[in-house]
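Read through the structure below, which is laid out as structure tokens, and then see the notes.
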Amino acid sequence: MKKRILFLLVIFLSCVIFFSLSQQKDKQIVSPNGNISLQVNIVDGQLAYQVAYGSVSIIRPSRLGLKLVGGDLGTHVKIMRTQVTSFDKTWMPVWGEEETIRNHYQQLVVDLEEQKGNHRKFSVIFRAYNDGIAFRYSYPRQKGLGDFTILEEKTEFALNENDTCWSIPYSTKYYEGLFTPKPLQDIGWVSTPVTIKTKQNFYLAIHEADLTDYAAMNLFASKGSNVLKSRLTPWSTGERVKVTKTRKTPWRTVIIARCPGDLILSRMMLNLNEPNKIKDTSWITPQRYIGVWWAYHMGKKTWTMGPKHGATTYNVKRYIDFAAKHHFGGVLVEGWNEGWEDFKFNYTKAYSDFDMPEISAYCKQKKIGLIGHHETGANAADYEDNLDAAFAYYQKYGVNVVKTGYVGERLNGIESHSGQYAVNHYRKVIETAARYHIMIDNHEPVMPTGLQRTFPNLMTQEGVRGQEWNAWSLDGGNPPSHTCIFPFTRGLAGPTDFTPGVFSFVNEKMPQTKVSTTLAKQLALSVVIYTPLQMACDMIEHYKQYPDAFSFITSCPTNWSKTVIPEAQIGKYITIARRDIASPTWYVGSITNEKARISRIKLDFLDKKKTYEATIYADGLNADYQENPTDYAIQQRMVCSADTLQIPLARSGGVAIIIKPNK
Ligand code: CA
């Protein structure tokens with residue numbers, strides 16, 4: 001009997017293998033819900049993939065390959081084997097926008113062999129999720145493919161039409177640009193994420209995941225073609241990637257959504273990163289903090305030591321007292337260490353008017369975290385030389401969050417902020433910080449790609465045109481639409497350190513440059529912009545003027561069990577509701593661009609069996625971002641899941657709401 005079963009099994013497996021071989025030139029996977037399909041073929045000797053949503057083409061046949069020193073990889077290939085598998089597992093992030101995340105996909109591994117020369121072998125791994133598709137190249141070490149250098153990745157994303165794209169131009173530095181909508185053929189060389197609205201009303205976002213030991217992927221479009229081509233950030237010498245140890249590329253990702261809000265709810269990028277590598281995560285604590293910071297940008301204090309020095313023992317103690325009174329997690333202190341005069345920093349030597357042991361003891365006494373700062377002046381090599389000493393110094397004084405900064409056109413004066421050198425440098429800092437139990441807030445980073453799943457001490461990153469531009473930008477500051485766009489672009493790459501929370505709208509130093517929002521919109525940004533480590537950026541003096549409005553900021557968490565998006569249009573408005581990880585209370589933020597509107601917020605995300613008390617921090621009747629930004633009104637009312645709130649938002653206004661269940 002047993003022999004017979006074995007015999008039948010062998011016949012069955014032979015059939016499976018035969019079927020697989022006979023079908024190898026035309027392979028397909030579909031998303032678990034069946035909506036998205038991905039198919040591969042050989043086109044002119046090259047592997048190509050195409051993607052559809054139902055019967056609608058999303059990506060036309062797009063070629064794949066790598067241009068190497070000494071010749072291309074991926075021309076004249078034959079599919080040797082394909083393998084389709086499924087995966088479905090739910091995991092819990094250490095912190096995030098959801099308590100649990102389902103990683104559910106179908107995978108296709110395509111093993112290829114070149115039909116000439118050394119007959120080199122490589123694979124492309126594809127995945128179809130309910131919220132998009134992803135793929136990566138894998139190239140094991142072999143004869144003719146030892147260490148090698150990539151001159152360009154020849155990955156294509158062939159769209160169907162000259163669709164609208166939101167993107168920022170490629171730059172060697174910080175991604176601190178304004179995302180503007182343009183026809184695909186006019187965007188030129190841009191960073192990812194690139195967010196696209198197609199003529200068939202699909203919303204796509206092209207980016208990457210698990211950027212490890214590789215250069216960031218940018219995209220290039222040319223006139224007359226709807227094909228976006230990858231263009232990796234080069235080394236100063238022109239090569240793109242030196243391949244030695246890491247034998248696979250990052251994942252190339254395309255989120256496919258039916259409405260703008262679903263772009264933000266996609267967790268595909270996190271799913272494509274490696275699971276958490278930090279065993280004990282008890283020291284990783286999401287929090288809201290204040291900082292000795294905005295006063296620098298407003299010209300009221302200085303980073304350097306002198307009569308207006310911000311990081312004096314006296315001033316920092318004031319901030320610690322205020323943070324303790326209002327239950328913040330910590331106080332960021334910039335300008336505490338020597339080196340601001342010439343941007344050559346000493347990471348272990350405080351200015352003489354900043355008493356580190358005394359401040360450290362005071363923080364301990366007040367139960368407030370001290371958030372450290374390492375500005376490197378983009379001198380990454382010098383920072384690496386001093387990294388252990390710098391983190392050991394902070395560890396000694398109880399500092400468990402460090403904001404890093406890389407102000408300077410290029411790292412070490414030569415390398416781009418998004419090239420392979422930078423990627424490896426930032427990774428080294430994050431991994432080293434983890435050994436010292438230090439969380440990282442990386443400014444002037446490479447664009448995030450979901451690494452926080454693997455190293456959850458990477459709390460947040462800048463890589464955005466942040467609030468600081470409203471202090472000194474010559475163009476007058478961020479336009480009202482900025483915060484209605486970047487949650488759909490930069491925000492898709494991960495937690496964003498934008499630093500909302502300005503309560504003062506006068507700029508004495510540069511009167512033409514200012515924060516172009518209402519005060520209520522600043523409150524709403526605390527919910528709209530996701531980051532587990534978020535600064536309430538304004539000065540103590542300004543918060544003291546509006547204690548009732550300030551109460552929203554002090555009660556708003558930074559770690560969530562659920563996120564929903566009741567309404568959103570890219571560049572126009574967005575409403576996000578998030579449920580606190582530690583309680584059943586919901587927090588809602590809704591913002592608009594330069595046009596006033598009525599926010600209609602369906603509360604169907606609330607528990608149907610409960611009634612709630614909503615505290616609504618809205619724009620006042622006369623609020624207007626140009627004329628009267630500080631006009632706001634706070635009211636309370638009972639609500640339930642059947643209700644729809646209708647709340648008027650001023651021009652560049654907003655509303656922030658706390659919705660607490662009744663006992
Ligand atoms: Ca910056």
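How things are named: the first chain in the structure tokens is A, the next is B, and so on; residues count from 1 in each chain; ligands count from 1 in the order shown.
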
**Asked** What residues have any atom no more than 12 Å from ligand 1 when counting only C-alpha atoms and all ligand atoms, and can you list them as a PyMOL selection string?
**Response** chain A and resi 173-177+297+375+377-378+403-409+441-445+461-470+472-473+496-499

**Request:** Enumerate, as a PyMOL selection string, the complete set of residues in stretch 302-492 of chain A that a backbone-based DSSP assignment places in helix (DSSP H, G or I).
**Result:** chain A and resi 313-325+356-366+380-396+420-435+451-453+469-472+482-488+490-492

**Item:** Contact residues around stretch 110-123 of chain A with only C-alpha atoms at 10 Å, ignoring same-chain residues under 5 positions, as a PyMOL selection string
**Value:** chain A and resi 24+27+40+45-47+73-84+136-145+247-248

Neighbours of A:Leu184 within 6 Å (only C-alpha atoms; same-chain residues fewer than 4 positions away dropped), as an mmCIF file with all heavy atoms, in the first residue's frame?
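Output file out_14.cif is given in full below:
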data_model
loop_
_atom_site.group_PDB
_atom_site.id
_atom_site.type_symbol
_atom_site.label_atom_id
_atom_site.label_comp_id
_atom_site.auth_asym_id
_atom_site.auth_seq_id
_atom_site.Cartn_x
_atom_site.Cartn_y
_atom_site.Cartn_z
ATOM 1 N N ASN A 162 0.868 59.176 -20.294
ATOM 2 C CA ASN A 162 1.675 60.264 -19.751
ATOM 3 C C ASN A 162 0.983 60.777 -18.481
ATOM 4 O O ASN A 162 0.467 61.886 -18.434
ATOM 5 C CB ASN A 162 1.777 61.360 -20.827
ATOM 6 C CG ASN A 162 2.797 62.421 -20.461
ATOM 7 O OD1 ASN A 162 3.596 62.237 -19.536
ATOM 8 N ND2 ASN A 162 2.762 63.529 -21.167
ATOM 9 N N ASP A 163 0.976 59.919 -17.443
ATOM 10 C CA ASP A 163 0.183 60.164 -16.241
ATOM 11 C C ASP A 163 0.774 61.258 -15.349
ATOM 12 O O ASP A 163 1.945 61.608 -15.463
ATOM 13 C CB ASP A 163 0.079 58.865 -15.422
ATOM 14 C CG ASP A 163 -0.761 57.809 -16.114
ATOM 15 O OD1 ASP A 163 -1.781 58.174 -16.722
ATOM 16 O OD2 ASP A 163 -0.388 56.620 -16.051
ATOM 17 N N THR A 164 -0.054 61.727 -14.407
ATOM 18 C CA THR A 164 0.403 62.750 -13.456
ATOM 19 C C THR A 164 1.297 62.114 -12.388
ATOM 20 O O THR A 164 0.919 61.115 -11.776
ATOM 21 C CB THR A 164 -0.816 63.391 -12.759
ATOM 22 O OG1 THR A 164 -1.680 63.878 -13.784
ATOM 23 C CG2 THR A 164 -0.411 64.519 -11.845
ATOM 24 N N CYS A 165 2.474 62.721 -12.178
ATOM 25 C CA CYS A 165 3.421 62.221 -11.165
ATOM 26 C C CYS A 165 3.733 63.310 -10.146
ATOM 27 O O CYS A 165 3.953 64.459 -10.515
ATOM 28 C CB CYS A 165 4.744 61.822 -11.821
ATOM 29 S SG CYS A 165 4.636 60.462 -12.957
#

**Asked** Residues of stretch 198-345 of chain A in strand (DSSP E or B) according to DSSP, as a PyMOL selection string?
**Response** chain A and resi 203-209+217-220+227-232+241-243+248+251-257+287-292+302+309+330-333+337

Report as CSV the residues of stretch 273-307 of chain A within 9 Å of stretch 508-521 of chain A, each with its shortest atom pair and distance in Å (one decimal), using only C-alpha atoms, ordered by chain and increasing residue number.
residue,atom,partner,partner_atom,distance
A:Met298,CA,A:Lys509,CA,6.5
A:Gly299,CA,A:Lys509,CA,6.5
A:Lys300,CA,A:Lys509,CA,8.8

Can I get the selection written as an mmCIF file, in the first residue's frame, with N, CA and C atoms?
data_model
loop_
_atom_site.group_PDB
_atom_site.id
_atom_site.type_symbol
_atom_site.label_atom_id
_atom_site.label_comp_id
_atom_site.auth_asym_id
_atom_site.auth_seq_id
_atom_site.Cartn_x
_atom_site.Cartn_y
_atom_site.Cartn_z
ATOM 1 N N MET A 298 14.666 80.772 14.563
ATOM 2 C CA MET A 298 14.057 82.102 14.563
ATOM 3 C C MET A 298 15.080 83.200 14.892
ATOM 4 N N GLY A 299 16.334 82.805 15.072
ATOM 5 C CA GLY A 299 17.398 83.779 15.322
ATOM 6 C C GLY A 299 17.418 84.319 16.737
ATOM 7 N N LYS A 300 16.686 83.667 17.643
ATOM 8 C CA LYS A 300 16.639 84.157 19.026
ATOM 9 C C LYS A 300 17.767 83.582 19.892
#

**Message:** Quick one: residues within 10 Å of A:Trp293, only C-alpha atoms, excluding same-chain residues fewer than 2 positions away - as a VMD selection string?
**Reply:** chain A and resid 290 to 291 295 to 298 301 to 303 310 to 311 331 to 335 468 535 537 to 539

**Request:** Go through A:Ile570, A:Leu108, A:Ile59, A:Ala361 and flag the residue nearest A:Val254, using only C-alpha atoms for the distances.
**Result:**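 Checking each candidate against A:Val254, we get A:Ile59 as the closest.
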
**Request:** Write out as an MDAnalysis selection string which residues come within 8 Å of A:Trp166 when counting only C-alpha atoms, dropping same-chain ones fewer than 5 positions away.
**Result:** chainID A and resid 179:182 194:196 489

**Request:** Find the residues around A:Ala380 up to 12 Å (only C-alpha atoms counted), leave out those fewer than 5 positions away in its own chain, and share them as a PyMOL selection string.
**Result:** chain A and resi 344-345+374-375+385-387+404-408+410-417+421-429+444-445

**Request:** Work out how far apart atom CA of A:Ala48 and atom CA of A:Thr449 are and give it in Å to one decimal.
**Result:** 24.3 Å

**Message:** Could you tell me how far atom CA of A:Trp340 sits from atom CA of A:Gly398, in Å to one decimal place?
**Reply:** 23.3 Å

**Request:** Figure out the distance between atom CA of A:Val564 and atom CA of A:Lys602, please, to one decimal in Å.
**Result:** 10.8 Å

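For the residues A:Ala618, A:Val94, A:Ala633, A:Leu649, ranking by smallest atom-to-atom distance to A:Gln452 using only C-alpha atoms places A:Val94 first.
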
**Message:** Measuring between only C-alpha atoms, which one of A:Trp560, A:Tyr617, A:Tyr573, A:Phe605 shows the shortest distance to A:Thr644?
**Reply:**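 When distances to A:Thr644 are compared using only C-alpha atoms, the smallest one comes from A:Phe605.
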
**Asked** Smallest atom-to-atom distance to A:Tyr289: which of A:Val446, A:Val401, A:Ala577, A:Ala614, using only C-alpha atoms?
**Response**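 Looking at the shortest contact to A:Tyr289, the residue is A:Val401.
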
Could you give me, as a Markdown table, every stretch 549-634 of chain A residue with an atom at most 9 Å from stretch 503-506 of chain A, plus its closest atom pair and distance in Å to one decimal, counting only C-alpha atoms, rows ordered by chain then number?
| residue | atom | partner | partner_atom | distance |
| --- | --- | --- | --- | --- |
| A:Phe550 | CA | A:Phe503 | CA | 8.8 |
| A:Pro629 | CA | A:Phe505 | CA | 7.3 |
| A:Thr630 | CA | A:Phe503 | CA | 7.4 |
